[in-house]
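Take a look at the structure set out below.
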There are 2 protein chains.
Amino acid sequence: MDFIGVTGYRGWEWKGSLAIQMLEAGPEIIESLPQGETRIPRQNLHSEVLALLRAAIMENQFKPKERLNERLLCERFGISRTPLREAFKVLASEGLLTLLPNRGAVVTSLSIKDFEATLAVMAHLETMIGEQAAINSDAQTIATIRAWHHQMFAHFLRREMAPYFELNQKIHLSLAAATGNGVLVSLYTSLNTRILRYRYQANLQPERWQAAVEEHEDILSALILRDGSRLGILLRQHLLNKGAAIKAGLEGADQPV
Amino acid sequence: MDFIGVTGYRGWEWKGSLAIQMLEAGPEIIESLPQGETRIPRQNLHSEVLALLRAAIMENQFKPKERLNERLLCERFGISRTPLREAFKVLASEGLLTLLPNRGAVVTSLSIKDFEATLAVMAHLETMIGEQAAINSDAQTIATIRAWHHQMFAHFLRREMAPYFELNQKIHLSLAAATGNGVLVSLYTSLNTRILRYRYQANLQPERWQAAVEEHEDILSALILRDGSRLGILLRQHLLNKGAAIKAGLEGADQPV
DNA sequence: ATAATGAATTTTGAATGCAATATGAACGAA
DNA sequence: TTCGTTCATATTGCATTCAAAATTCATTAT
């Protein structure tokens, strides 16, 4: 038990809400194992290792079709196979892993068809997010998103990819959260996680980055004007453009998307 | 090991696709433990008990907020706690169970807000299903749905609730499948399962049944005419009407929807 | 050299065991 | 009685163990 562990928290429900975790706690939740009084609420090994594996798959630390060896992962995390296998089952139900009976777990490899199917569903969810967020978001949320937008723009100007990307994710998740529809947030996050993996390995063109920033300008203005139908259309198109760019960026590579 | 068990199958992937299970294999998969040559492909204890629990929760054998005792369920299924607990984790990620750390699993109880949030997302998915199914379904699928529709109508005339309901589900799932979008099918099935629980305990009015049948007539005709936008609108409205009826049928009852 | 066979090793699936936590009853004080 | 305290029991979380299956690798036959 050298990497994760630390138990001892009460009154903490877990509903499997990956989305809320991502919103409330950034990746820093993993590194900081606080020693003092104020500890971050922790759950159990299963959900900790679940979050770690989910992040690792998303960040492409495990490649598609790669087989995950239970023993090695147990050693890496310093846990036994029981919580690891529990996490495997959940990741399989989320579509990130594929379980081969008696032959272990492999990272799910999206076919082009799967990728497009996911994109098509997400396009509808984006439309819904746009329509609902424009209606339901409060002034505070809009102000926050506006601030993030400007920070993100500054990172774009300095060509700082990682922090740009992080703010970008925050903005899209906040828009989903602004709908006030928890089910929507949860589905959106889950689908987003699946396709985000491929974003990491796609070679995106500089032009696409420029275009994305411009699209974000329009998105922000539609949000401020609370023009729901326009926001929905813009978010939908933004997603479809991103999807097309990822597909193009994977052409020629040996990835199976 | 008196209830489920029976291992020994190769070359069978499991992607957690609840939807495909529901379409391909009815509930009879559970009863028939074939002895002879032609066995139904089985997976592992975890996924078998997962399907059983999911069905049990959906059929309201476990009431919302009811606590599930691991030991009792293990005895009932004749298995150990390991696969049961794996199933718990997956059911929690599907939103059917809520895990209380160190205090076990309870059946998730949807608040009115959750119910409406789920309905709102499903409404969008229904629209998408209508639009896509009208385009993508082949003649064979339409013929099958048409036949099921007429069988269903016969059950309605004889007021045979259970077989009516079963065909009704088959029709809606087939429409989703007809889109050719596996992601859509999977999400639709998952959300549908959450909602369906409450349908079992709602006291639906006879008028609603009549109205639902009439809506299905329109749905079928739009499908045959391949009028996608109309089919989408009809499916969406059909769902919203059903949701309203369920909510009305739960009023006064002590359920927390 | 290649393909096929079979034993040794590794890996997975599931049951069991053990420590930590929660639950509930018995008891005593206000 | 009602509330709080203590202790026994039950339940959960996780590690370990055992059995079944797959994989590897050496050996043999073609």
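In the structure tokens, chains take letters A, B, ... by order of appearance, with residues numbered from 1 within each chain and ligands from 1 in the order shown.
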
Residues of chain A no more than 7 Å from chain C, counting only C-alpha atoms (C1' of nucleotides): send them over as a ChimeraX atom specification. /A:102-104

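Within the 12 Å cut-off around Leu196 in chain B, using only C-alpha atoms (C1' of nucleotides) and omitting residues fewer than 6 positions from it on the same chain, the listed residues are Arg54, Ala55, Ala56, Ile57, Met58, Glu59, Asn60, Leu96, Leu110, Phe115, Thr118, Leu119, Phe165, Glu166, Gln169, Tyr188, Thr189, Ser190, Ala202, Leu239, Lys242, Gly243, Ile246 and Lys247 of chain B.
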
Distance query Gly95 in chain A at most 7 Å, only C-alpha atoms (C1' of nucleotides), self and fewer than 2 positions along chain excluded, as a VMD selection string: (chain A and resid 91 to 93 97 108) or (chain B and resid 15)

Output N, CA, C and O atoms of each residue in that selection to a file, as a short mmCIF file (atom, residue, chain, number, x, y, z; two decimals), in the first residue's frame.
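Written out: part.cif:
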data_model
loop_
_atom_site.label_atom_id
_atom_site.label_comp_id
_atom_site.auth_asym_id
_atom_site.auth_seq_id
_atom_site.Cartn_x
_atom_site.Cartn_y
_atom_site.Cartn_z
N LEU A 91 -15.18 0.22 -15.46
CA LEU A 91 -14.62 0.81 -16.68
C LEU A 91 -15.16 0.11 -17.93
O LEU A 91 -15.36 0.75 -18.96
N ALA A 92 -15.40 -1.17 -17.81
CA ALA A 92 -15.99 -1.89 -18.94
C ALA A 92 -17.41 -1.38 -19.19
O ALA A 92 -17.81 -1.18 -20.34
N SER A 93 -18.15 -1.15 -18.11
CA SER A 93 -19.52 -0.68 -18.31
C SER A 93 -19.52 0.75 -18.84
O SER A 93 -20.49 1.18 -19.45
N LEU A 97 -12.95 -0.06 -21.13
CA LEU A 97 -12.26 -1.34 -21.21
C LEU A 97 -13.18 -2.37 -21.86
O LEU A 97 -14.40 -2.25 -21.82
N THR A 108 -10.48 -0.47 -24.68
CA THR A 108 -11.41 -0.50 -25.80
C THR A 108 -10.88 0.35 -26.94
O THR A 108 -10.41 1.46 -26.74
N LYS B 15 -18.73 -6.17 -23.49
CA LYS B 15 -18.47 -4.73 -23.47
C LYS B 15 -19.45 -4.01 -22.57
O LYS B 15 -19.63 -2.81 -22.68
#

Let's see if you can do this: from backbone DSSP, list all helix (DSSP H, G or I) residues in range 37-235 of chain B, as a PyMOL selection string. chain B and resi 45-58+70-77+81-93+112-136+139-157+161-178+182-201+206-224+228-235

Please return, as a PyMOL selection string, all residues of chain D lying within 7 Å of chain A when only C-alpha atoms (C1' of nucleotides) are considered. chain D and resi 14-15+21-22

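Once Glu215 in chain B and its same-chain neighbours fewer than 4 positions away are set aside, Trp209, Gln210, Ala211, Ile219, Leu220, Leu234, Leu235, Gln237, His238 and Asn241 of chain B remain within 10 Å of it when counting only C-alpha atoms (C1' of nucleotides).
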
Contacts of Asn69 in chain B at 8 Å (only C-alpha atoms (C1' of nucleotides); same-chain gap of 2+ positions) as a PyMOL selection string: chain B and resi 67+71-73+104-105

Would you export the selected residues with C-alpha atoms as a PDB file, in the first residue's frame, please?
ATOM      1  CA  ARG B  67     -30.696  -1.747   1.562  1.00  0.00           C
ATOM      2  CA  ARG B  71     -24.771 -12.112   2.695  1.00  0.00           C
ATOM      3  CA  LEU B  72     -28.439 -12.694   1.952  1.00  0.00           C
ATOM      4  CA  LEU B  73     -28.003 -12.068  -1.756  1.00  0.00           C
ATOM      5  CA  GLY B 104     -23.538  -1.084   1.907  1.00  0.00           C
ATOM      6  CA  ALA B 105     -25.666  -0.545  -1.141  1.00  0.00           C
TER       7      ALA B 105
END

Env of Ile135 in chain B: 9 Å cut, atoms = only C-alpha atoms (C1' of nucleotides), seq-sep filter 5 positions within chain, self excluded. Answer as a ChimeraX atom specification. /B:130,178-179,226-228

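Between CA of Arg146 in chain B and CA of Ala134 in chain B the separation is 13.6 Å.
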
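The list of residues with at least one atom within 10 Å of Ser109 in chain A, based on only C-alpha atoms (C1' of nucleotides) and without residues fewer than 2 positions apart in the same chain, reads Lys63, Pro64, Lys65, Glu66, Gly95, Leu96, Leu97, Thr98, Val106, Val107, Ser111, Ile112, Asp114, Phe115, Arg194, Tyr198, Gln255, Pro256 and Val257 of chain A.
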
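Across the model, the gap from CA of Leu52 in chain A to CA of Lys89 in chain A is 14.4 Å.
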
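Closest approach to His150 in chain A among A:Leu99, A:Val213, A:Glu94, A:Gln205 is made by A:Val213 (distances from only C-alpha atoms).
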
Of the residues A:His155, A:Arg236, A:His124, A:Arg230, which is the one nearest to chain B, using only C-alpha atoms? A:His124

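Straight-line separation from CA of His216 in chain A to CA of Leu204 in chain A: 17.0 Å.
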
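Using only C-alpha atoms, the shortest contact distance between chain A and any of B:Leu157, B:Ala133, B:Ile171, B:Leu191 is found at B:Leu191.
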